[in-house]
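protein.pdb follows; it contains PDB, C-alpha atoms and all ligand atoms.
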ATOM      1  CA  MET S 284       0.000   0.000   0.000
ATOM      2  CA  GLN S 285       1.038   3.628  -0.434
ATOM      3  CA  LYS S 286       2.502   5.421   2.583
ATOM      4  CA  THR S 287       2.656   8.937   3.922
ATOM      5  CA  LEU S 288       3.896  10.428   7.185
ATOM      6  CA  GLN S 289       1.715  10.463  10.271
ATOM      7  CA  GLU S 290       3.070  13.836  11.423
ATOM      8  CA  GLU S 291       5.080  16.595   9.824
ATOM      9  CA  ILE S 292       8.880  16.697  10.033
ATOM     10  CA  ARG S 293      10.858  19.947  10.028
ATOM     11  CA  PHE S 294      14.459  20.555   8.902
ATOM     12  CA  GLU S 295      16.398  23.807   9.185
ATOM     13  CA  GLY S 296      19.594  24.682   7.360
ATOM     14  CA  VAL S 297      20.958  27.009   4.709
ATOM     15  CA  GLY S 298      20.642  27.101   0.929
ATOM     16  CA  LEU S 299      23.894  26.052  -0.743
ATOM     17  CA  HIS S 300      24.010  28.962  -3.179
ATOM     18  CA  SER S 301      22.195  31.744  -1.314
ATOM     19  CA  GLY S 302      23.661  30.917   2.087
ATOM     20  CA  LEU S 303      20.283  32.044   3.468
ATOM     21  CA  PRO S 304      18.329  30.171   6.152
ATOM     22  CA  SER S 305      16.020  27.570   4.629
ATOM     23  CA  VAL S 306      13.284  25.687   6.466
ATOM     24  CA  LEU S 307      11.779  22.552   4.980
ATOM     25  CA  VAL S 308       8.628  20.946   6.404
ATOM     26  CA  ILE S 309       7.477  17.543   5.124
ATOM     27  CA  LYS S 310       3.738  17.018   5.649
ATOM     28  CA  PRO S 311       1.362  14.089   5.121
ATOM     29  CA  ALA S 312      -0.510  14.036   1.787
ATOM     30  CA  ALA S 313      -3.427  12.160   0.233
ATOM     31  CA  ALA S 314      -2.969   8.891  -1.712
ATOM     32  CA  ASP S 315      -2.084   9.191  -5.419
ATOM     33  CA  THR S 316      -0.817  12.789  -5.039
ATOM     34  CA  GLY S 317       2.928  11.984  -5.090
ATOM     35  CA  ILE S 318       5.654  14.311  -3.842
ATOM     36  CA  ASN S 319       4.820  18.015  -4.210
ATOM     37  CA  PHE S 320       6.964  21.015  -3.259
ATOM     38  CA  VAL S 321       5.366  24.284  -2.119
ATOM     39  CA  ARG S 322       7.111  27.687  -1.992
ATOM     40  CA  VAL S 323       5.536  29.127   1.149
ATOM     41  CA  ASP S 324       7.549  32.378   0.780
ATOM     42  CA  VAL S 325       5.825  33.222  -2.531
ATOM     43  CA  LYS S 326       2.333  34.775  -2.844
ATOM     44  CA  ASP S 327      -0.402  32.115  -3.139
ATOM     45  CA  ALA S 328       2.162  29.417  -2.195
ATOM     46  CA  PRO S 329       2.715  27.853  -5.642
ATOM     47  CA  LYS S 330       2.963  24.071  -5.720
ATOM     48  CA  VAL S 331       4.960  21.955  -8.154
ATOM     49  CA  ARG S 332       5.059  18.186  -8.363
ATOM     50  CA  ALA S 333       8.473  16.556  -8.231
ATOM     51  CA  LEU S 334       8.327  15.107 -11.740
ATOM     52  CA  TYR S 335      11.070  14.828 -14.373
ATOM     53  CA  SER S 336       8.918  16.930 -16.715
ATOM     54  CA  ASN S 337       9.003  19.836 -14.221
ATOM     55  CA  ILE S 338      12.822  19.849 -13.949
ATOM     56  CA  VAL S 339      14.088  23.056 -15.589
ATOM     57  CA  ASP S 340      17.771  23.142 -14.642
ATOM     58  CA  THR S 341      20.271  20.309 -14.091
ATOM     59  CA  ARG S 342      23.586  22.185 -14.059
ATOM     60  CA  ASN S 343      24.616  21.860 -10.392
ATOM     61  CA  CYS S 344      21.554  20.140  -8.965
ATOM     62  CA  SER S 345      18.030  19.140 -10.003
ATOM     63  CA  CYS S 346      15.810  22.211 -10.000
ATOM     64  CA  LEU S 347      12.012  22.192 -10.292
ATOM     65  CA  ALA S 348       9.855  25.079 -11.459
ATOM     66  CA  ASP S 349       6.161  25.683 -12.019
ATOM     67  CA  ALA S 350       4.722  27.326 -15.160
ATOM     68  CA  SER S 351       5.312  30.805 -13.648
ATOM     69  CA  GLY S 352       9.004  30.080 -13.075
ATOM     70  CA  ASN S 353       8.877  29.640  -9.293
ATOM     71  CA  ARG S 354      11.921  27.484  -8.619
ATOM     72  CA  ILE S 355      12.899  24.943  -5.997
ATOM     73  CA  SER S 356      16.436  23.696  -6.382
ATOM     74  CA  THR S 357      18.547  20.880  -4.941
ATOM     75  CA  ILE S 358      15.625  18.473  -4.530
ATOM     76  CA  GLU S 359      17.675  15.325  -5.211
ATOM     77  CA  HIS S 360      18.891  14.454  -1.693
ATOM     78  CA  ILE S 361      15.485  14.715  -0.018
ATOM     79  CA  MET S 362      13.919  12.851  -2.985
ATOM     80  CA  SER S 363      16.440  10.043  -2.563
ATOM     81  CA  ALA S 364      15.635   9.789   1.164
ATOM     82  CA  LEU S 365      11.879   9.768   0.450
ATOM     83  CA  TYR S 366      12.288   6.965  -2.119
ATOM     84  CA  MET S 367      14.286   4.755   0.241
ATOM     85  CA  ALA S 368      12.030   5.513   3.233
ATOM     86  CA  GLY S 369       9.049   4.351   1.146
ATOM     87  CA  ILE S 370       7.151   7.651   1.269
ATOM     88  CA  ASP S 371       4.787   7.802  -1.720
ATOM     89  CA  ASN S 372       2.891  10.962  -0.881
ATOM     90  CA  ALA S 373       4.078  14.148   0.808
ATOM     91  CA  VAL S 374       3.783  17.911   0.628
ATOM     92  CA  ILE S 375       7.147  19.577   1.165
ATOM     93  CA  GLU S 376       6.987  23.218   2.165
ATOM     94  CA  VAL S 377      10.120  25.331   1.617
ATOM     95  CA  ASN S 378      10.550  29.010   2.542
ATOM     96  CA  ASN S 379      13.425  29.530   0.123
ATOM     97  CA  PRO S 380      14.228  28.719  -3.532
ATOM     98  CA  GLU S 381      16.662  26.096  -2.238
ATOM     99  CA  VAL S 382      16.167  22.973  -0.158
ATOM    100  CA  PRO S 383      18.575  23.242   2.818
ATOM    101  CA  ILE S 384      21.870  21.522   2.007
ATOM    102  CA  MET S 385      22.263  20.101   5.560
ATOM    103  CA  ASP S 386      25.607  18.210   5.622
ATOM    104  CA  GLY S 387      25.702  17.687   1.829
ATOM    105  CA  SER S 388      24.344  14.138   2.129
ATOM    106  CA  ALA S 389      20.926  12.552   2.767
ATOM    107  CA  ARG S 390      21.849  11.110   6.166
ATOM    108  CA  ILE S 391      19.801  13.483   8.339
ATOM    109  CA  PHE S 392      16.813  13.412   5.976
ATOM    110  CA  PHE S 393      16.807   9.619   5.802
ATOM    111  CA  SER S 394      17.352   8.859   9.487
ATOM    112  CA  ARG S 395      14.442  11.093  10.500
ATOM    113  CA  LEU S 396      12.169   9.787   7.731
ATOM    114  CA  GLN S 397      12.985   6.184   8.673
ATOM    115  CA  ALA S 398      12.297   6.851  12.352
ATOM    116  CA  ALA S 399       9.033   8.718  11.689
ATOM    117  CA  ALA S 400       5.633   7.060  12.089
ATOM    118  CA  LYS S 401       4.023   6.306   8.693
ATOM    119  CA  VAL S 402       0.419   5.856   7.697
ATOM    120  CA  GLU S 403      -0.584   3.095   5.311
ATOM    121  CA  GLN S 404      -3.062   4.538   2.801
ATOM    122  CA  ASP S 405      -6.038   2.938   1.074
ATOM    123  CA  LYS S 406      -4.473   2.728  -2.415
ATOM    124  CA  PRO S 407      -1.948   0.148  -3.597
ATOM    125  CA  ARG S 408       1.560   1.327  -4.414
ATOM    126  CA  ARG S 409       2.309   0.982  -8.102
ATOM    127  CA  ARG S 410       5.844   0.615  -9.432
ATOM    128  CA  LEU S 411       7.407   1.290 -12.789
ATOM    129  CA  LYS S 412       8.787  -1.883 -14.364
ATOM    130  CA  VAL S 413      11.297  -1.328 -17.157
ATOM    131  CA  LEU S 414      10.480  -3.532 -20.162
ATOM    132  CA  ARG S 415      13.018  -2.353 -22.724
ATOM    133  CA  GLU S 416      16.462  -0.830 -22.369
ATOM    134  CA  VAL S 417      16.748   2.923 -22.904
ATOM    135  CA  ALA S 418      20.144   4.621 -23.074
ATOM    136  CA  ILE S 419      21.725   8.047 -23.442
ATOM    137  CA  THR S 420      25.299   8.771 -24.534
ATOM    138  CA  ASP S 421      26.612  12.331 -24.698
ATOM    139  CA  ASP S 422      29.261  13.730 -27.013
ATOM    140  CA  LYS S 423      31.973  13.147 -24.371
ATOM    141  CA  GLY S 424      31.199   9.426 -24.212
ATOM    142  CA  ASN S 425      29.455   9.611 -20.801
ATOM    143  CA  HIS S 426      26.536   7.223 -20.786
ATOM    144  CA  ILE S 427      23.591   5.993 -18.762
ATOM    145  CA  SER S 428      21.026   3.262 -19.365
ATOM    146  CA  LEU S 429      18.007   1.725 -17.701
ATOM    147  CA  ALA S 430      17.282  -1.921 -18.489
ATOM    148  CA  PRO S 431      14.854  -4.577 -17.204
ATOM    149  CA  SER S 432      15.689  -6.365 -13.938
ATOM    150  CA  GLU S 433      14.115  -9.242 -12.024
ATOM    151  CA  ALA S 434      13.243  -7.222  -8.936
ATOM    152  CA  GLY S 435      14.099  -3.992  -7.199
ATOM    153  CA  LEU S 436      16.408  -1.225  -8.334
ATOM    154  CA  GLN S 437      19.882  -2.389  -9.372
ATOM    155  CA  ILE S 438      22.502   0.324  -9.768
ATOM    156  CA  LYS S 439      25.937   0.168 -11.323
ATOM    157  CA  PHE S 440      27.790   3.477 -11.253
ATOM    158  CA  ASP S 441      31.301   4.113 -12.465
ATOM    159  CA  ILE S 442      33.346   7.296 -12.052
ATOM    160  CA  ASP S 443      36.927   8.093 -12.955
ATOM    161  CA  PHE S 444      38.334  11.342 -11.565
ATOM    162  CA  PRO S 445      41.827  12.729 -12.105
ATOM    163  CA  SER S 446      42.318  13.359  -8.346
ATOM    164  CA  ALA S 447      44.292  10.443  -6.867
ATOM    165  CA  VAL S 448      42.134  10.447  -3.701
ATOM    166  CA  VAL S 449      39.090   9.611  -5.857
ATOM    167  CA  GLY S 450      40.405   7.877  -8.982
ATOM    168  CA  HIS S 451      38.304   5.049 -10.362
ATOM    169  CA  GLN S 452      35.351   4.099  -8.160
ATOM    170  CA  VAL S 453      32.621   1.590  -8.960
ATOM    171  CA  PHE S 454      29.394   0.871  -7.097
ATOM    172  CA  GLU S 455      27.277  -2.125  -8.006
ATOM    173  CA  ALA S 456      24.376  -3.420  -5.902
ATOM    174  CA  GLU S 457      20.644  -3.710  -5.551
ATOM    175  CA  VAL S 458      19.795  -0.685  -3.433
ATOM    176  CA  ASN S 459      17.652  -1.175  -0.344
ATOM    177  CA  PRO S 460      16.984   0.811   2.852
ATOM    178  CA  ALA S 461      19.700  -0.964   4.891
ATOM    179  CA  LEU S 462      22.414  -0.286   2.305
ATOM    180  CA  PHE S 463      21.106   3.243   1.870
ATOM    181  CA  ALA S 464      21.384   3.839   5.633
ATOM    182  CA  SER S 465      24.917   2.452   5.998
ATOM    183  CA  ASP S 466      26.633   3.404   2.745
ATOM    184  CA  ILE S 467      24.680   5.726   0.474
ATOM    185  CA  SER S 468      22.820   8.281   2.587
ATOM    186  CA  PRO S 469      26.022   9.416   4.461
ATOM    187  CA  ALA S 470      27.894  10.079   1.178
ATOM    188  CA  ARG S 471      28.448  13.820   0.725
ATOM    189  CA  THR S 472      28.530  15.867  -2.409
ATOM    190  CA  PHE S 473      32.051  16.494  -3.693
ATOM    191  CA  CYS S 474      33.799  19.090  -5.799
ATOM    192  CA  GLU S 475      37.155  20.463  -6.870
ATOM    193  CA  LYS S 476      38.536  23.471  -4.999
ATOM    194  CA  SER S 477      39.079  25.272  -8.336
ATOM    195  CA  ALA S 478      35.349  24.918  -9.091
ATOM    196  CA  VAL S 479      34.499  26.143  -5.574
ATOM    197  CA  ASP S 480      36.715  29.211  -6.045
ATOM    198  CA  TYR S 481      35.087  29.986  -9.392
ATOM    199  CA  LEU S 482      31.496  29.551  -8.124
ATOM    200  CA  LYS S 483      32.259  31.763  -5.089
ATOM    201  CA  SER S 484      33.731  34.411  -7.417
ATOM    202  CA  ILE S 485      30.441  34.647  -9.328
ATOM    203  CA  GLY S 486      28.368  34.873  -6.162
ATOM    204  CA  LEU S 487      27.232  31.238  -5.907
ATOM    205  CA  ILE S 488      27.688  28.611  -3.154
ATOM    206  CA  LYS S 489      27.627  31.249  -0.419
ATOM    207  CA  GLY S 490      26.413  28.494   1.924
ATOM    208  CA  GLY S 491      29.085  26.006   0.832
ATOM    209  CA  SER S 492      31.796  24.905   3.274
ATOM    210  CA  LEU S 493      33.736  21.851   4.410
ATOM    211  CA  GLU S 494      30.707  21.211   6.675
ATOM    212  CA  ASN S 495      28.571  20.262   3.664
ATOM    213  CA  ALA S 496      30.895  19.049   0.911
ATOM    214  CA  VAL S 497      33.945  16.954   0.238
ATOM    215  CA  VAL S 498      36.469  19.297  -1.408
ATOM    216  CA  LEU S 499      39.428  18.057  -3.438
ATOM    217  CA  ASP S 500      42.490  20.175  -4.187
ATOM    218  CA  GLY S 501      44.394  18.190  -6.779
ATOM    219  CA  ASP S 502      45.409  14.955  -5.032
ATOM    220  CA  THR S 503      44.606  16.335  -1.567
ATOM    221  CA  LEU S 504      41.368  15.978   0.357
ATOM    222  CA  LEU S 505      40.791  19.250   2.245
ATOM    223  CA  ASN S 506      38.299  17.867   4.787
ATOM    224  CA  PRO S 507      40.260  17.147   7.989
ATOM    225  CA  GLU S 508      37.878  14.325   8.972
ATOM    226  CA  GLY S 509      38.564  12.429   5.728
ATOM    227  CA  PHE S 510      35.983  10.352   3.885
ATOM    228  CA  ARG S 511      32.936   9.056   5.751
ATOM    229  CA  VAL S 512      32.535   5.824   3.815
ATOM    230  CA  GLU S 513      34.671   3.891   1.372
ATOM    231  CA  ALA S 514      34.235   5.168  -2.209
ATOM    232  CA  GLU S 515      32.194   8.093  -0.879
ATOM    233  CA  CYS S 516      32.198   9.986  -4.185
ATOM    234  CA  VAL S 517      30.625   7.262  -6.323
ATOM    235  CA  LYS S 518      28.143   6.529  -3.520
ATOM    236  CA  HIS S 519      27.072  10.169  -3.626
ATOM    237  CA  LYS S 520      26.471   9.785  -7.359
ATOM    238  CA  VAL S 521      24.239   6.805  -6.514
ATOM    239  CA  LEU S 522      22.398   8.919  -3.914
ATOM    240  CA  ASP S 523      21.750  11.614  -6.541
ATOM    241  CA  ALA S 524      20.660   9.046  -9.148
ATOM    242  CA  ILE S 525      18.064   7.497  -6.794
ATOM    243  CA  GLY S 526      16.624  10.950  -6.041
ATOM    244  CA  ASP S 527      16.529  11.888  -9.712
ATOM    245  CA  LEU S 528      14.906   8.553 -10.644
ATOM    246  CA  TYR S 529      12.160   9.255  -8.102
ATOM    247  CA  THR S 530      11.074  12.176 -10.299
ATOM    248  CA  SER S 531       9.588   9.407 -12.466
ATOM    249  CA  GLY S 532       6.817   9.421  -9.830
ATOM    250  CA  TYR S 533       7.454   5.740  -9.077
ATOM    251  CA  GLN S 534       9.777   3.311  -7.383
ATOM    252  CA  ILE S 535      11.522   1.477 -10.210
ATOM    253  CA  ILE S 536      12.031  -2.188 -11.059
ATOM    254  CA  GLY S 537      15.016  -1.891 -13.340
ATOM    255  CA  ALA S 538      18.795  -1.833 -13.668
ATOM    256  CA  LEU S 539      20.528   1.535 -13.948
ATOM    257  CA  SER S 540      24.025   1.580 -15.379
ATOM    258  CA  ALA S 541      25.910   4.881 -15.450
ATOM    259  CA  PHE S 542      29.367   6.053 -16.432
ATOM    260  CA  HIS S 543      30.370   9.572 -15.430
ATOM    261  CA  THR S 544      26.873  11.033 -15.633
ATOM    262  CA  GLY S 545      24.951  13.626 -13.640
ATOM    263  CA  HIS S 546      21.514  15.144 -13.135
ATOM    264  CA  TYR S 547      21.203  16.144 -16.789
ATOM    265  CA  HIS S 548      21.685  12.613 -18.083
ATOM    266  CA  THR S 549      19.256  11.013 -15.613
ATOM    267  CA  ASN S 550      16.613  13.568 -16.556
ATOM    268  CA  GLU S 551      17.118  12.949 -20.280
ATOM    269  CA  LEU S 552      16.950   9.201 -19.619
ATOM    270  CA  LEU S 553      13.534   9.565 -17.948
ATOM    271  CA  LYS S 554      12.257  11.694 -20.837
ATOM    272  CA  LYS S 555      13.335   8.984 -23.256
ATOM    273  CA  LEU S 556      11.820   6.227 -21.090
ATOM    274  CA  PHE S 557       8.423   7.948 -20.946
ATOM    275  CA  ALA S 558       8.467   8.921 -24.645
ATOM    276  CA  ASP S 559       7.476   5.373 -25.634
ATOM    277  CA  PRO S 560       4.930   3.444 -23.505
ATOM    278  CA  ALA S 561       6.415   0.183 -24.804
ATOM    279  CA  ASN S 562       9.516   0.901 -22.662
ATOM    280  CA  TYR S 563       7.758   0.284 -19.336
ATOM    281  CA  GLU S 564       4.643  -0.824 -17.534
ATOM    282  CA  ILE S 565       3.080   0.345 -14.292
ATOM    283  CA  VAL S 566       2.534  -2.704 -12.080
TER     284      VAL S 566
HETATM  285 ZN    ZN V 601      24.060  15.456  -4.707
END

Let me see the file written as structure tokens.
Ligand SMILES: [Zn+2]
Amino acid sequence: MQKTLQEEIRFEGVGLHSGLPSVLVIKPAAADTGINFVRVDVKDAPKVRALYSNIVDTRNCSCLADASGNRISTIEHIMSALYMAGIDNAVIEVNNPEVPIMDGSARIFFSRLQAAAKVEQDKPRRRLKVLREVAITDDKGNHISLAPSEAGLQIKFDIDFPSAVVGHQVFEAEVNPALFASDISPARTFCEKSAVDYLKSIGLIKGGSLENAVVLDGDTLLNPEGFRVEAECVKHKVLDAIGDLYTSGYQIIGALSAFHTGHYHTNELLKKLFADPANYEIV
């Protein structure tokens, strides 16, 4: 059956780019309504459903917008936590154009969602079963595909970064809540110091710090505490991919395989999947 929360959950933090305080409140919602974000700081509190077709920007995060251009960015970590906590329906109120970045991972979101009381609703949960492989390859040779699988969501992710502290990392497993709790949800977003310096110079990532990102300077990791989990960087890519896949509106029975891809590729993959009803069935 579909599930929602019994009571609301509140998170407070800052927006990664604005550096401004951001409060996020996850509330129960009716069956068959999915995950909807609401900008409570905007007149008439516009609402936008967290669907791939409402994603308008994928450059540094996944950003939703409604038809009037009211944006909510960095939805992927909370979406990933909602997927793995089995929350089908929720209204997420935000008082800022950005979801709070918290510690750059989904650990706090997931642990509180897992611990929260849930309500079983009166409609069955339906999942998206992949029937035919769909794939995207960009002009740099980065590629992503979604193929049929026997059960659950299988993910293979492969990254290869020049920094020696990252290098070649591969993740391959069927994802489930236990693995998400131990290995995936704690994995923080990561970036190069040169990119951080550039983004700061153009007035972005005002809220970014070593408290909410893994920062690499050449072959050096700048975070004094080191990595949280083995192969943290590729596990963060898996975290992002799960959140982006949840903008399909469904949990997925399929096998994702990705090489060096990001939010843009996952979004294009979903567009291609939904473009032909022969690619999937809702079960
Ligand atoms: Zn991320």

Which polymer residues have any atom within 12 Å of an atom of S:Glu433, counting only C-alpha atoms, with same-chain residues fewer than 6 positions away left out, as a ChimeraX atom specification?
/S:412-414,457,535-538

Applying the PyMOL selection byres (((not hetatm)) within 10 of (chain V and resi 601)) to the file I just gave you, which residues come out? Please list them as a PDB file with C-alpha atoms, in the coordinates of the input.
ATOM      1  CA  ASN S 343      24.616  21.860 -10.392  1.00  0.00           C
ATOM      2  CA  CYS S 344      21.554  20.140  -8.965  1.00  0.00           C
ATOM      3  CA  SER S 345      18.030  19.140 -10.003  1.00  0.00           C
ATOM      4  CA  THR S 357      18.547  20.880  -4.941  1.00  0.00           C
ATOM      5  CA  ILE S 358      15.625  18.473  -4.530  1.00  0.00           C
ATOM      6  CA  GLU S 359      17.675  15.325  -5.211  1.00  0.00           C
ATOM      7  CA  HIS S 360      18.891  14.454  -1.693  1.00  0.00           C
ATOM      8  CA  ILE S 361      15.485  14.715  -0.018  1.00  0.00           C
ATOM      9  CA  SER S 363      16.440  10.043  -2.563  1.00  0.00           C
ATOM     10  CA  ILE S 384      21.870  21.522   2.007  1.00  0.00           C
ATOM     11  CA  GLY S 387      25.702  17.687   1.829  1.00  0.00           C
ATOM     12  CA  SER S 388      24.344  14.138   2.129  1.00  0.00           C
ATOM     13  CA  ALA S 389      20.926  12.552   2.767  1.00  0.00           C
ATOM     14  CA  ALA S 470      27.894  10.079   1.178  1.00  0.00           C
ATOM     15  CA  ARG S 471      28.448  13.820   0.725  1.00  0.00           C
ATOM     16  CA  THR S 472      28.530  15.867  -2.409  1.00  0.00           C
ATOM     17  CA  PHE S 473      32.051  16.494  -3.693  1.00  0.00           C
ATOM     18  CA  ALA S 496      30.895  19.049   0.911  1.00  0.00           C
ATOM     19  CA  CYS S 516      32.198   9.986  -4.185  1.00  0.00           C
ATOM     20  CA  LYS S 518      28.143   6.529  -3.520  1.00  0.00           C
ATOM     21  CA  HIS S 519      27.072  10.169  -3.626  1.00  0.00           C
ATOM     22  CA  LYS S 520      26.471   9.785  -7.359  1.00  0.00           C
ATOM     23  CA  VAL S 521      24.239   6.805  -6.514  1.00  0.00           C
ATOM     24  CA  LEU S 522      22.398   8.919  -3.914  1.00  0.00           C
ATOM     25  CA  ASP S 523      21.750  11.614  -6.541  1.00  0.00           C
ATOM     26  CA  ALA S 524      20.660   9.046  -9.148  1.00  0.00           C
ATOM     27  CA  GLY S 526      16.624  10.950  -6.041  1.00  0.00           C
ATOM     28  CA  ASP S 527      16.529  11.888  -9.712  1.00  0.00           C
ATOM     29  CA  GLY S 545      24.951  13.626 -13.640  1.00  0.00           C
ATOM     30  CA  HIS S 546      21.514  15.144 -13.135  1.00  0.00           C
TER      31      HIS S 546
END

Find the distance between atom CA of S:Ser301 and atom CA of S:Val382 and write it in Å to one decimal.
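The value is 10.7 Å.
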
Since I can't run it myself right now, could you work out what the PyMOL selection byres (((chain S and resi 371) around 12) and not hetatm) selects here and report it as a VMD selection string?
chain S and resid 284 to 288 310 to 319 333 362 to 370 372 to 374 401 to 404 406 to 410 529 to 534

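If you measure from each of S:Val331, S:Leu528, S:Leu504, S:Cys346 to S:Glu551 using only C-alpha atoms, the closest one turns out to be S:Leu528.
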
At a cut-off of 12 Å around the point (3.9, 33.6, -14.0) (file coordinates), what residues fall inside when counting only C-alpha atoms? I'd like the answer as a list in words.
Val325, Lys326, Asp327, Pro329, Ala348, Asp349, Ala350, Ser351, Gly352, Asn353 and Arg354 of chain S

Calculate how many Å separate atom CA of S:Val321 from atom CA of S:Leu411, rounding to one decimal.
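Straight-line distance from atom CA of S:Val321 to atom CA of S:Leu411 works out to 25.4 Å.
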
Please indicate the distance in Å from atom CA of S:Ser432 to atom CA of S:Ile525, rounded to one decimal place.
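Answer for the atom CA of S:Ser432 to atom CA of S:Ile525 separation: 15.8 Å.
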
On this structure, which residues satisfy the PyMOL selection byres (((chain S and resi 379) around 8) and not hetatm), written as an MDAnalysis selection string?
chainID S and resid 298 304:306 322:324 355 377:378 380:382

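Using only C-alpha atoms for every distance, the candidate list S:Glu508, S:Asp500, S:Glu290, S:Glu295 yields S:Glu290 as the residue closest to S:Ala398.
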
With a distance cut-off of 10 Å and all atoms listed in the file, select the neighbouring residues of S:Ile488, excluding the residue or stretch itself and same-chain residues fewer than 6 positions from it, and output the selection as a PDB file with C-alpha atoms, in the frame of the given file.
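Produced file out_34.pdb, reproduced below:
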ATOM      1  CA  GLY S 298      20.642  27.101   0.929  1.00  0.00           C
ATOM      2  CA  LEU S 299      23.894  26.052  -0.743  1.00  0.00           C
ATOM      3  CA  HIS S 300      24.010  28.962  -3.179  1.00  0.00           C
ATOM      4  CA  SER S 301      22.195  31.744  -1.314  1.00  0.00           C
ATOM      5  CA  GLY S 302      23.661  30.917   2.087  1.00  0.00           C
ATOM      6  CA  VAL S 479      34.499  26.143  -5.574  1.00  0.00           C
ATOM      7  CA  ASP S 480      36.715  29.211  -6.045  1.00  0.00           C
ATOM      8  CA  TYR S 481      35.087  29.986  -9.392  1.00  0.00           C
ATOM      9  CA  LEU S 482      31.496  29.551  -8.124  1.00  0.00           C
TER      10      LEU S 482
END
